[in-house]
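Source file: protein23.tsv (TSV, C-alpha atoms)
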chain	number	residue	atom	x	y	z
A	193	MET	CA	-32.97	-34.40	50.44
A	194	LYS	CA	-32.32	-31.39	52.70
A	195	ALA	CA	-34.72	-29.38	54.82
A	196	VAL	CA	-34.11	-26.17	56.77
A	197	VAL	CA	-36.40	-25.68	59.73
A	198	THR	CA	-36.63	-23.08	62.46
A	199	LEU	CA	-38.09	-23.99	65.82
A	200	THR	CA	-39.00	-21.64	68.63
A	201	PRO	CA	-38.13	-22.82	72.15
A	202	SER	CA	-41.66	-24.14	72.72
A	203	GLU	CA	-41.73	-25.90	69.37
A	204	SER	CA	-38.39	-27.49	70.21
A	205	LYS	CA	-39.77	-28.72	73.52
A	206	ARG	CA	-42.75	-30.25	71.74
A	207	LEU	CA	-40.57	-32.06	69.18
A	208	ILE	CA	-38.22	-33.31	71.88
A	209	ALA	CA	-41.14	-34.43	74.05
A	210	LYS	CA	-42.67	-36.40	71.18
A	211	ALA	CA	-39.36	-38.15	70.62
A	212	VAL	CA	-38.66	-38.93	74.28
A	213	SER	CA	-42.16	-40.30	74.83
A	214	ARG	CA	-41.58	-42.70	71.93
A	215	MET	CA	-38.12	-43.91	72.96
A	216	ASP	CA	-37.92	-47.68	73.44
A	217	ALA	CA	-36.41	-47.24	76.91
A	218	VAL	CA	-39.22	-44.92	77.97
A	219	ARG	CA	-41.96	-47.16	76.56
A	220	ASP	CA	-40.41	-50.18	78.27
A	221	ALA	CA	-40.22	-48.35	81.59
A	222	TRP	CA	-43.76	-47.06	81.15
A	223	ASP	CA	-44.98	-50.65	80.75
A	224	LYS	CA	-42.82	-52.47	83.28
A	225	ALA	CA	-41.12	-50.15	85.75
A	226	TYR	CA	-40.83	-46.58	87.01
A	227	VAL	CA	-40.62	-43.44	84.94
A	228	LEU	CA	-39.41	-40.62	87.15
A	229	ILE	CA	-40.00	-37.24	85.54
A	230	ALA	CA	-38.51	-34.24	87.33
A	231	ASP	CA	-40.15	-30.82	87.26
A	232	GLY	CA	-39.36	-28.56	84.32
A	233	THR	CA	-41.07	-27.21	81.25
A	234	THR	CA	-39.71	-29.71	78.71
A	235	ASN	CA	-40.63	-32.49	81.12
A	236	ALA	CA	-44.13	-31.07	81.41
A	237	PHE	CA	-44.44	-31.51	77.66
A	238	ILE	CA	-43.21	-35.10	78.04
A	239	LYS	CA	-45.89	-35.75	80.65
A	240	GLN	CA	-48.46	-34.25	78.28
A	241	GLU	CA	-47.37	-36.69	75.58
A	242	LEU	CA	-47.20	-39.77	77.83
A	243	LEU	CA	-50.52	-39.05	79.52
A	244	GLU	CA	-52.15	-37.55	76.39
A	245	ASP	CA	-53.21	-34.63	78.56
A	246	ARG	CA	-52.54	-31.10	77.30
A	247	SER	CA	-54.00	-29.56	80.44
A	248	ILE	CA	-50.68	-30.13	82.27
A	249	ALA	CA	-49.43	-26.54	82.49
A	250	ALA	CA	-45.77	-26.20	81.59
A	251	GLY	CA	-45.35	-22.74	83.13
A	252	GLY	CA	-46.31	-23.95	86.58
A	253	SER	CA	-44.31	-27.16	86.34
A	254	THR	CA	-41.02	-25.68	87.33
A	255	ILE	CA	-39.50	-24.27	90.49
A	256	GLY	CA	-36.33	-22.63	89.19
A	257	LEU	CA	-36.84	-20.75	85.95
A	258	SER	CA	-35.26	-18.15	83.70
A	259	THR	CA	-37.92	-15.47	83.25
A	260	ALA	CA	-38.52	-11.72	83.55
A	261	GLY	CA	-34.84	-11.08	82.83
A	262	LEU	CA	-33.62	-13.11	85.82
A	263	LEU	CA	-32.80	-16.56	87.11
A	264	CYS	CA	-35.80	-16.76	89.37
A	265	VAL	CA	-37.67	-19.19	91.62
A	266	ASN	CA	-41.43	-19.16	91.58
A	267	ILE	CA	-43.45	-19.25	94.76
A	268	PRO	CA	-45.13	-22.48	95.90
A	269	LYS	CA	-48.68	-21.23	95.37
A	270	ASN	CA	-47.96	-20.65	91.68
A	271	ARG	CA	-46.60	-24.13	91.14
A	272	LYS	CA	-48.97	-26.68	89.67
A	273	SER	CA	-48.81	-30.05	91.29
A	274	TYR	CA	-48.45	-32.93	88.84
A	275	ALA	CA	-47.16	-36.37	89.50
A	276	ASN	CA	-43.45	-36.99	89.08
A	277	VAL	CA	-43.39	-40.72	89.81
A	278	PHE	CA	-45.10	-43.16	87.48
A	279	TYR	CA	-45.18	-46.93	87.97
A	280	LYS	CA	-46.30	-49.10	85.06
A	281	GLY	CA	-47.92	-46.08	83.46
A	282	LYS	CA	-49.84	-44.89	86.52
A	283	ALA	CA	-49.08	-41.86	88.70
A	284	VAL	CA	-47.91	-42.82	92.17
A	285	GLU	CA	-48.53	-40.23	94.86
A	286	GLY	CA	-46.50	-40.14	98.02
A	287	THR	CA	-43.49	-42.00	96.64
A	288	SER	CA	-40.24	-40.07	96.42
A	289	PHE	CA	-37.63	-40.49	93.71
A	290	ALA	CA	-35.34	-42.13	96.27
A	291	GLU	CA	-38.02	-44.65	97.24
A	292	ALA	CA	-38.81	-45.43	93.61
A	293	LEU	CA	-35.14	-45.95	92.82
A	294	ALA	CA	-34.75	-48.18	95.87
A	295	ASP	CA	-37.52	-50.38	94.45
A	296	HIS	CA	-35.08	-51.36	91.76
A	297	HIS	CA	-36.28	-52.26	88.27
A	298	ARG	CA	-33.78	-52.65	85.47
A	299	GLU	CA	-36.08	-50.77	83.05
A	300	THR	CA	-36.60	-47.72	85.30
A	301	VAL	CA	-35.91	-44.41	83.58
A	302	VAL	CA	-35.20	-40.99	85.08
A	303	ILE	CA	-35.94	-37.93	82.94
A	304	LYS	CA	-34.56	-34.53	83.95
A	305	GLY	CA	-34.00	-31.45	81.83
A	306	ALA	CA	-31.00	-29.16	81.87
A	307	ASN	CA	-29.96	-25.51	81.78
A	308	ALA	CA	-26.91	-25.94	79.60
A	309	ILE	CA	-25.42	-28.35	77.10
A	310	ASP	CA	-22.07	-28.07	75.38
A	311	PRO	CA	-20.72	-29.49	72.11
A	312	GLU	CA	-19.23	-32.46	74.00
A	313	GLY	CA	-22.67	-33.43	75.29
A	314	ASN	CA	-21.95	-32.37	78.87
A	315	ILE	CA	-25.06	-31.29	80.71
A	316	GLY	CA	-25.24	-28.41	83.17
A	317	ILE	CA	-27.97	-28.17	85.79
A	318	ILE	CA	-28.15	-25.00	87.83
A	319	THR	CA	-28.95	-25.46	91.46
A	320	THR	CA	-29.99	-22.54	93.59
A	321	GLY	CA	-31.81	-24.75	96.05
A	322	PHE	CA	-30.41	-24.91	99.53
A	323	ASP	CA	-30.05	-28.68	99.35
A	324	GLY	CA	-29.00	-29.07	95.72
A	325	GLY	CA	-32.45	-29.97	94.40
A	326	THR	CA	-33.17	-33.16	92.45
A	327	ILE	CA	-29.71	-34.33	91.47
A	328	PRO	CA	-28.39	-35.25	94.94
A	329	ARG	CA	-31.51	-37.38	95.49
A	330	VAL	CA	-31.02	-39.47	92.38
A	331	ILE	CA	-27.38	-39.40	91.33
A	332	GLY	CA	-26.21	-42.10	93.77
A	333	PRO	CA	-28.48	-44.96	92.63
A	334	ILE	CA	-28.37	-43.81	89.01
A	335	THR	CA	-24.58	-43.89	88.96
A	336	SER	CA	-24.02	-47.06	90.95
A	337	LYS	CA	-26.81	-49.10	89.37
A	338	GLY	CA	-26.57	-47.68	85.85
A	339	ILE	CA	-30.16	-46.54	85.68
A	340	THR	CA	-31.14	-44.89	82.40
A	341	PHE	CA	-31.03	-41.12	82.75
A	342	ILE	CA	-32.44	-39.11	79.87
A	343	THR	CA	-31.82	-35.38	79.48
A	344	PRO	CA	-34.23	-33.66	77.10
A	345	VAL	CA	-32.69	-30.26	76.31
A	346	GLY	CA	-33.19	-27.72	73.55
A	347	LEU	CA	-30.23	-26.40	71.60
A	348	GLU	CA	-31.13	-22.86	72.68
A	349	LYS	CA	-29.14	-23.88	75.79
A	350	LEU	CA	-25.92	-24.63	73.94
A	351	VAL	CA	-22.92	-23.04	75.71
A	352	PRO	CA	-19.22	-23.32	74.82
A	353	SER	CA	-18.27	-25.45	77.83
A	354	VAL	CA	-20.37	-26.78	80.71
A	355	PRO	CA	-17.34	-27.53	82.93
A	356	LEU	CA	-16.14	-23.93	82.48
A	357	ALA	CA	-19.66	-22.68	83.19
A	358	ALA	CA	-19.77	-24.68	86.40
A	359	LYS	CA	-16.40	-23.29	87.48
A	360	ALA	CA	-17.56	-19.78	86.64
A	361	PHE	CA	-20.67	-20.16	88.80
A	362	ASN	CA	-18.86	-21.83	91.71
A	363	GLY	CA	-21.75	-21.54	94.16
A	364	ALA	CA	-23.76	-18.79	95.84
A	365	GLN	CA	-21.19	-17.84	98.49
A	366	ASN	CA	-18.66	-17.00	95.78
A	367	ILE	CA	-20.94	-14.62	93.90
A	368	ASP	CA	-20.84	-10.92	94.79
A	369	ILE	CA	-23.79	-9.52	92.83
A	370	THR	CA	-26.54	-11.57	91.27
A	371	MET	CA	-29.57	-10.61	89.26
A	372	GLY	CA	-31.66	-13.49	90.47
A	373	ALA	CA	-31.03	-16.54	92.60
A	374	ALA	CA	-27.37	-17.41	93.08
A	375	GLY	CA	-26.16	-20.94	92.93
A	376	GLY	CA	-23.89	-23.47	91.34
A	377	MET	CA	-24.04	-25.93	88.48
A	378	PHE	CA	-23.91	-29.71	88.40
A	379	VAL	CA	-21.99	-31.20	85.49
A	380	LEU	CA	-23.26	-34.51	84.15
A	381	THR	CA	-21.35	-36.30	81.45
A	382	ASN	CA	-23.09	-39.58	80.78
A	383	THR	CA	-26.80	-38.98	80.38
A	384	ILE	CA	-28.73	-39.82	77.22
A	385	VAL	CA	-29.10	-36.39	75.69
A	386	VAL	CA	-32.08	-35.66	73.45
A	387	THR	CA	-31.96	-32.36	71.61
A	388	GLU	CA	-33.85	-31.44	68.46
A	389	ILE	CA	-31.18	-33.30	66.47
A	390	GLU	CA	-31.56	-36.55	68.41
A	391	ALA	CA	-35.34	-36.17	68.27
A	392	ALA	CA	-35.34	-36.02	64.47
A	393	LYS	CA	-32.95	-38.96	64.36
A	394	LEU	CA	-35.08	-41.03	66.75
A	395	LEU	CA	-38.32	-40.35	64.95
A	396	PHE	CA	-37.31	-40.08	61.30
A	397	GLY	CA	-33.73	-41.29	60.95
A	398	LEU	CA	-32.54	-37.83	59.86
A	399	GLU	CA	-29.12	-36.28	60.33
A	400	GLY	CA	-29.33	-32.75	61.69
A	401	THR	CA	-26.98	-29.80	62.11
A	402	LEU	CA	-27.54	-26.66	64.15
A	403	VAL	CA	-26.79	-23.72	61.86
A	404	ALA	CA	-28.15	-20.60	63.57
A	405	ALA	CA	-29.92	-19.39	66.66
A	406	GLY	CA	-31.84	-16.40	67.94
A	407	GLY	CA	-34.33	-14.07	66.33
A	408	ILE	CA	-36.91	-11.42	67.03
A	409	GLY	CA	-40.67	-11.14	67.13
A	410	GLY	CA	-41.24	-14.39	69.00
A	411	ASN	CA	-38.16	-16.14	67.61
A	412	GLU	CA	-36.05	-15.22	70.65
A	413	GLY	CA	-34.18	-18.39	71.51
A	414	ALA	CA	-35.22	-20.08	68.26
A	415	VAL	CA	-32.86	-22.53	66.58
A	416	THR	CA	-32.42	-23.09	62.87
A	417	LEU	CA	-31.40	-26.57	61.81
A	418	VAL	CA	-30.58	-28.35	58.58
A	419	PHE	CA	-31.75	-31.93	58.25
A	420	ASN	CA	-30.68	-34.49	55.66
A	421	GLY	CA	-32.45	-37.71	54.85
A	422	GLU	CA	-34.26	-39.70	52.20
A	423	GLU	CA	-37.13	-37.93	50.46
A	424	PRO	CA	-40.03	-39.76	52.14
A	425	GLN	CA	-38.44	-39.28	55.56
A	426	ILE	CA	-37.91	-35.56	55.04
A	427	GLU	CA	-41.45	-35.14	53.67
A	428	ALA	CA	-42.87	-37.06	56.62
A	429	PHE	CA	-40.77	-34.97	59.04
A	430	VAL	CA	-41.90	-31.64	57.61
A	431	SER	CA	-45.51	-32.80	57.54
A	432	PHE	CA	-45.14	-33.92	61.16
A	433	LEU	CA	-43.70	-30.55	62.19
A	434	GLU	CA	-46.48	-28.67	60.46
A	435	LYS	CA	-49.19	-30.82	61.98
A	436	GLU	CA	-47.89	-31.46	65.49
A	437	VAL	CA	-45.12	-29.03	66.40
A	438	LYS	CA	-45.27	-25.67	64.67
A	439	GLY	CA	-47.36	-23.05	66.38
A	440	GLU	CA	-46.73	-24.37	69.89
A	441	PRO	CA	-47.44	-21.30	72.02
A	442	ALA	CA	-44.74	-19.71	74.17
A	443	ILE	CA	-44.76	-20.75	77.80
A	444	ARG	CA	-45.76	-18.09	80.29
A	445	GLY	CA	-43.10	-17.69	82.96
A	446	ILE	CA	-44.36	-17.03	86.47
A	447	LYS	CA	-41.88	-14.88	88.32
A	448	GLY	CA	-41.35	-15.27	92.05
A	449	ASP	CA	-42.39	-12.67	94.63
A	450	CYS	CA	-39.42	-10.43	95.40
A	451	ARG	CA	-41.06	-9.08	98.55
A	452	THR	CA	-41.00	-12.44	100.31
A	453	CYS	CA	-38.23	-14.16	98.38
A	454	LYS	CA	-35.90	-16.23	100.54
A	455	TYR	CA	-33.01	-15.96	98.10
A	456	LYS	CA	-31.37	-13.09	99.97
A	457	ASP	CA	-28.36	-12.98	97.68
A	458	CYS	CA	-30.52	-11.71	94.83
A	459	ARG	CA	-30.13	-7.99	94.26
A	460	TYR	CA	-33.89	-7.59	94.20
A	461	SER	CA	-34.80	-9.77	97.15
A	462	GLY	CA	-37.13	-7.97	99.57
A	463	LEU	CA	-38.08	-5.19	97.17
A	464	GLU	CA	-41.66	-4.02	97.06
A	465	GLU	CA	-43.25	-3.89	93.63
A	466	SER	CA	-42.86	-0.12	93.50
A	467	GLU	CA	-39.11	-0.49	94.12
A	468	GLN	CA	-38.53	-3.18	91.50
A	469	PRO	CA	-37.08	-2.04	88.16
A	470	ASP	CA	-39.58	-1.48	85.37
A	471	TRP	CA	-37.99	-4.09	83.13
A	472	MET	CA	-38.78	-6.84	85.63
A	473	ASN	CA	-42.57	-6.62	85.43
B	284	MET	CA	-62.95	-55.25	56.56
B	285	GLU	CA	-59.87	-53.45	57.79
B	286	THR	CA	-57.42	-55.69	59.66
B	287	ARG	CA	-55.05	-53.74	61.86
B	288	LYS	CA	-51.80	-55.13	63.13
B	289	MET	CA	-49.58	-53.65	65.82
B	290	LEU	CA	-46.26	-52.63	64.35
B	291	LYS	CA	-43.47	-53.46	66.77
B	292	GLY	CA	-40.89	-50.65	66.91
B	293	CYS	CA	-42.98	-48.11	64.99
B	294	VAL	CA	-42.84	-44.53	66.29
B	295	GLY	CA	-45.49	-43.10	63.99
B	296	CYS	CA	-43.22	-41.10	61.71
B	297	LYS	CA	-45.29	-42.10	58.63
B	298	ALA	CA	-42.31	-42.15	56.29
B	299	CYS	CA	-43.83	-45.42	55.04
B	300	GLU	CA	-47.04	-43.64	54.04
B	301	MET	CA	-45.00	-40.96	52.29
B	302	ALA	CA	-42.95	-43.58	50.45
B	303	CYS	CA	-46.12	-45.41	49.44
B	304	SER	CA	-47.68	-42.22	48.08
B	305	MET	CA	-44.45	-41.51	46.18
B	306	HIS	CA	-44.66	-44.97	44.59
B	307	HIS	CA	-48.25	-44.42	43.44
B	308	THR	CA	-48.10	-40.78	42.37
B	309	ASP	CA	-44.45	-39.61	42.18
B	310	GLY	CA	-45.51	-37.05	44.77
B	311	PHE	CA	-46.21	-36.90	48.47
B	312	GLY	CA	-49.55	-36.99	50.19
B	313	PHE	CA	-50.88	-39.30	52.89
B	314	ARG	CA	-54.20	-39.67	51.09
B	315	HIS	CA	-52.42	-41.50	48.23
B	316	SER	CA	-50.89	-44.08	50.53
B	317	SER	CA	-52.18	-47.67	50.49
B	318	ILE	CA	-51.41	-48.04	54.20
B	319	GLU	CA	-52.34	-46.10	57.27
B	320	ILE	CA	-50.47	-45.84	60.57
B	321	GLN	CA	-52.57	-45.18	63.65
B	322	TRP	CA	-51.81	-44.61	67.33
B	323	GLU	CA	-53.19	-47.17	69.78
B	324	LYS	CA	-52.64	-47.18	73.57
B	325	GLU	CA	-50.04	-49.93	73.18
B	326	GLY	CA	-48.16	-48.33	70.30
B	327	TYR	CA	-48.71	-47.90	66.57
B	328	SER	CA	-50.76	-50.10	64.28
B	329	ILE	CA	-50.96	-50.44	60.53
B	330	ALA	CA	-53.71	-51.39	58.13
B	331	PHE	CA	-54.28	-51.43	54.41
B	332	LYS	CA	-56.82	-48.83	53.36
B	333	ASP	CA	-60.07	-49.84	51.75
B	334	PRO	CA	-60.21	-50.26	48.78
B	335	MET	CA	-56.96	-52.13	48.68
B	336	THR	CA	-54.44	-50.37	46.43
B	337	CYS	CA	-51.18	-51.96	47.59
B	338	ASP	CA	-49.44	-53.52	44.60
B	339	THR	CA	-46.38	-54.59	46.64
B	340	CYS	CA	-44.48	-51.86	44.80
B	341	GLU	CA	-44.75	-53.35	41.35
B	342	GLY	CA	-42.10	-51.82	39.13
B	343	GLU	CA	-39.72	-50.92	41.95
B	344	GLY	CA	-37.75	-54.13	41.69
B	345	GLU	CA	-38.21	-57.51	43.32
B	346	ASN	CA	-39.00	-57.35	47.03
B	347	ASN	CA	-38.23	-53.60	47.02
B	348	TYR	CA	-41.17	-52.48	49.11
B	349	GLN	CA	-40.80	-48.72	49.38
B	350	CYS	CA	-42.46	-48.50	52.78
B	351	VAL	CA	-39.95	-50.97	54.19
B	352	LYS	CA	-37.06	-49.29	52.39
B	353	TYR	CA	-37.68	-45.93	54.05
B	354	CYS	CA	-38.74	-47.21	57.46
B	355	TYR	CA	-36.19	-46.33	60.09
B	356	ARG	CA	-37.53	-48.16	63.12
B	357	ALA	CA	-39.82	-51.07	62.29
B	358	LYS	CA	-38.55	-52.64	59.08
B	359	ASP	CA	-39.03	-56.28	60.09
B	360	ALA	CA	-42.55	-55.83	61.41
B	361	LEU	CA	-43.54	-53.75	58.41
B	362	LYS	CA	-42.16	-56.28	55.94
B	363	ALA	CA	-43.98	-59.06	57.74
B	364	PHE	CA	-47.20	-57.08	57.51
B	365	ILE	CA	-46.80	-56.44	53.78
B	366	LEU	CA	-45.99	-60.10	53.19
B	367	ASN	CA	-48.76	-61.12	55.59
B	368	THR	CA	-46.42	-63.22	57.70
B	369	GLU	CA	-46.36	-63.80	61.45
B	370	GLU	CA	-44.44	-60.89	63.03
B	371	GLY	CA	-46.66	-58.38	64.77
B	372	GLY	CA	-50.00	-59.05	66.43
B	373	GLU	CA	-53.61	-58.08	65.88
B	374	ALA	CA	-54.59	-54.63	67.12
What would the structure in this file look like if it were written as structure tokens?
Amino acid sequence: MKAVVTLTPSESKRLIAKAVSRMDAVRDAWDKAYVLIADGTTNAFIKQELLEDRSIAAGGSTIGLSTAGLLCVNIPKNRKSYANVFYKGKAVEGTSFAEALADHHRETVVIKGANAIDPEGNIGIITTGFDGGTIPRVIGPITSKGITFITPVGLEKLVPSVPLAAKAFNGAQNIDITMGAAGGMFVLTNTIVVTEIEAAKLLFGLEGTLVAAGGIGGNEGAVTLVFNGEEPQIEAFVSFLEKEVKGEPAIRGIKGDCRTCKYKDCRYSGLEESEQPDWMN
Amino acid sequence: METRKMLKGCVGCKACEMACSMHHTDGFGFRHSSIEIQWEKEGYSIAFKDPMTCDTCEGEGENNYQCVKYCYRAKDALKAFILNTEEGGEA
């Protein structure tokens, strides 16, 4: 049996979050070890699912974000503070990712989203932070110890080649004009990627294909997928989407404050609101 | 009295309930299923609904339990539940 479904970016995040929160590796880590969940909107949905708490605000759960027509960075006072480190299912305050990884448990899982994925499964993570952000803090122990690293990422972020994208970016000092924060891109090649296709496979055993993307009237960034499976699985999947995924509201992006922004490379850094272009607000 | 058992490996997709409803009615609808999957803190559990309507898929062929056939993640535990054998624990 075949089903065609269209998912908006938020609906995709919800589906992916439901799948990741049910993965054997994540459930094992939740019971016995650490689950380290980096900031990000898809990860906020994962926290909602693991903690059964929809009050965790996705829009405030990210530092770097693509919003208001820019690659932006929101200001600290607009960021919501939710735990990132969980040990045996409980939030642990005051423990860094590095400290949690040093307290080695075989079942520990790290979950971090991405800004780009390519058809080879390479993951791209933009970094405009002055110290490289999350990846430098975790990549050493993850790589040397083989810690499970899960990348939940929607297919709206599919690009032709992540390595080429990383070379094109090449870091802030090599960019002449930027609409937004300038930076570079990490390329990761061996994470466990969970897109909408893997989510449907994990939950329902379906085989999925991305067939179209984009739209208007709220379908900006939407993806259309074809799924194949046995009749009861397809029926259960569609029922699941209708009950638990469809209608997920769009996430409100909270733009940074250009007037005080420390990303001086940005074309709009330092501009008062009256000087900022109309399309930005 | 409903007896729930934890279903090891279940992710709550409910394909089993759909398959069960298809067996009974040739259509799809959770309310026609003889079994019910439910989320617990520790994972997913299963119980037969009351009144008991499970006929172990009579007419589908020997040992061809439709719920087990279409289960992607927890076949062994589900089969054990249907056959009332040891795999899986009490909820």
Considering all atoms listed in the file, give me a table of residues in chain B that are at most 6 Å from chain A, with the closest atom pair and distance in Å for each, as a Markdown table.
| residue | atom | partner | partner_atom | distance |
| --- | --- | --- | --- | --- |
| B:Cys296 | CA | A:Leu395 | CA | 5.9 |
| B:Lys297 | CA | A:Ala428 | CA | 5.9 |
| B:Ala298 | CA | A:Gln425 | CA | 4.9 |
| B:Met301 | CA | A:Pro424 | CA | 5.1 |
| B:Ala302 | CA | A:Pro424 | CA | 5.1 |
| B:Tyr355 | CA | A:Gly397 | CA | 5.7 |
Could you write out the selected residues, including C-alpha atoms, as a PDB file, keeping the file's coordinate frame?
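Writing done, so here's out_23.pdb:
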ATOM      1  CA  CYS B 296     -43.220 -41.100  61.710  1.00  0.00           C
ATOM      2  CA  LYS B 297     -45.290 -42.100  58.630  1.00  0.00           C
ATOM      3  CA  ALA B 298     -42.310 -42.150  56.290  1.00  0.00           C
ATOM      4  CA  MET B 301     -45.000 -40.960  52.290  1.00  0.00           C
ATOM      5  CA  ALA B 302     -42.950 -43.580  50.450  1.00  0.00           C
ATOM      6  CA  TYR B 355     -36.190 -46.330  60.090  1.00  0.00           C
TER       7      TYR B 355
END
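Checking B:Glu345, B:Glu323, B:Asp338, B:Asp359 one by one against Gly295 of chain B, counting all atoms listed in the file, you find the shortest gap at B:Glu323.
From atom CA of Met193 of chain A back to atom CA of Phe419 of chain A, the distance works out to 8.3 Å.
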Using atom CA of Cys458 of chain A and atom CA of Ile367 of chain A as the two end points, give the distance in Å to one decimal. 10.1 Å
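Nearest residue to Glu319 of chain B among B:Ala360, B:Cys303, B:Val294, B:Cys340 is B:Cys303, counting only C-alpha atoms.
Coordinates place atom CA of Thr370 of chain A at a distance of 17.5 Å from atom CA of Asp470 of chain A.
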Closest of B:Lys362, B:Lys324, B:Ala357, B:Cys299 to Leu243 of chain A, counting only C-alpha atoms, is B:Lys324
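Between Thr300 of chain A and the candidates A:Ala225, A:Val284, A:Ala374, A:Val197, the tightest atom-to-atom separation, counting only C-alpha atoms, involves A:Ala225.
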Residue with smallest distance to Ala217 of chain A - pool B:Thr286, B:Ile318, B:Asn367, B:Gly292, counting all atoms listed in the file: B:Gly292
Distance query Lys332 of chain B at most 10 Å, all atoms listed in the file, self and fewer than 2 positions along chain excluded, as a list in words: Met284, Glu285, Thr286, Arg287, Arg314, His315, Ser316, Ser317, Ile318, Glu319, Ile329, Ala330, Pro334, Met335, Thr336 and Cys337 of chain B
Within 10 Å of (-40.2, -45.9, 82.4) (file coordinates; all atoms listed in the file), which protein or nucleic acid residues are there? I'd like them as a ChimeraX atom specification. /A:213,215-229,277-281,297-303,340
Taking (-39.2, -51.7, 49.1) in the coordinates of the supplied file, I want to know which residues reach to within 12 Å of it, counting only C-alpha atoms; could you give the answer as an MDAnalysis selection string? chainID B and resid 299 302:303 305:306 338:354 358:359 361:362 365:366
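Among the candidates A:Pro344, A:Gly286, A:Gly372, A:Gly410, the residue lying nearest to Gly462 of chain A is A:Gly372 (atoms considered: only C-alpha atoms).
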As a CSV table (one decimal), in the coordinates of the input, please: segment 306-311 of chain B completed to all heavy atoms.
chain,number,residue,atom,x,y,z
B,306,HIS,N,-44.6,-43.9,45.5
B,306,HIS,CA,-44.7,-45.0,44.6
B,306,HIS,C,-45.9,-44.8,43.7
B,306,HIS,O,-45.8,-45.0,42.5
B,306,HIS,CB,-44.7,-46.3,45.3
B,306,HIS,CG,-45.2,-47.4,44.5
B,306,HIS,ND1,-44.4,-48.0,43.5
B,306,HIS,CD2,-46.4,-48.1,44.5
B,306,HIS,CE1,-45.1,-49.0,42.9
B,306,HIS,NE2,-46.2,-49.1,43.5
B,307,HIS,N,-47.0,-44.5,44.2
B,307,HIS,CA,-48.2,-44.4,43.4
B,307,HIS,C,-48.3,-43.2,42.6
B,307,HIS,O,-48.9,-43.2,41.5
B,307,HIS,CB,-49.5,-44.5,44.4
B,307,HIS,CG,-49.7,-45.8,45.0
B,307,HIS,ND1,-49.8,-47.0,44.2
B,307,HIS,CD2,-49.9,-46.2,46.3
B,307,HIS,CE1,-50.0,-48.0,45.0
B,307,HIS,NE2,-50.1,-47.5,46.3
B,308,THR,N,-47.8,-42.0,43.0
B,308,THR,CA,-48.1,-40.8,42.4
B,308,THR,C,-46.9,-40.0,42.0
B,308,THR,O,-47.0,-38.9,41.4
B,308,THR,CB,-49.0,-39.9,43.3
B,308,THR,OG1,-48.2,-39.5,44.4
B,308,THR,CG2,-50.2,-40.6,43.7
B,309,ASP,N,-45.7,-40.4,42.3
B,309,ASP,CA,-44.4,-39.6,42.2
B,309,ASP,C,-44.5,-38.3,43.0
B,309,ASP,O,-43.8,-37.4,42.7
B,309,ASP,CB,-44.2,-39.3,40.7
B,309,ASP,CG,-43.4,-40.3,40.0
B,309,ASP,OD1,-42.7,-41.1,40.7
B,309,ASP,OD2,-43.4,-40.4,38.8
B,310,GLY,N,-45.4,-38.2,43.9
B,310,GLY,CA,-45.5,-37.0,44.8
B,310,GLY,C,-45.8,-37.5,46.2
B,310,GLY,O,-45.8,-38.7,46.5
B,311,PHE,N,-46.0,-36.6,47.1
B,311,PHE,CA,-46.2,-36.9,48.5
B,311,PHE,C,-47.6,-36.5,49.0
B,311,PHE,O,-48.0,-35.3,48.8
B,311,PHE,CB,-45.1,-36.2,49.3
B,311,PHE,CG,-43.8,-36.8,49.0
B,311,PHE,CD1,-42.9,-36.0,48.2
B,311,PHE,CD2,-43.4,-38.0,49.5
B,311,PHE,CE1,-41.6,-36.5,47.9
B,311,PHE,CE2,-42.1,-38.5,49.2
B,311,PHE,CZ,-41.2,-37.8,48.4
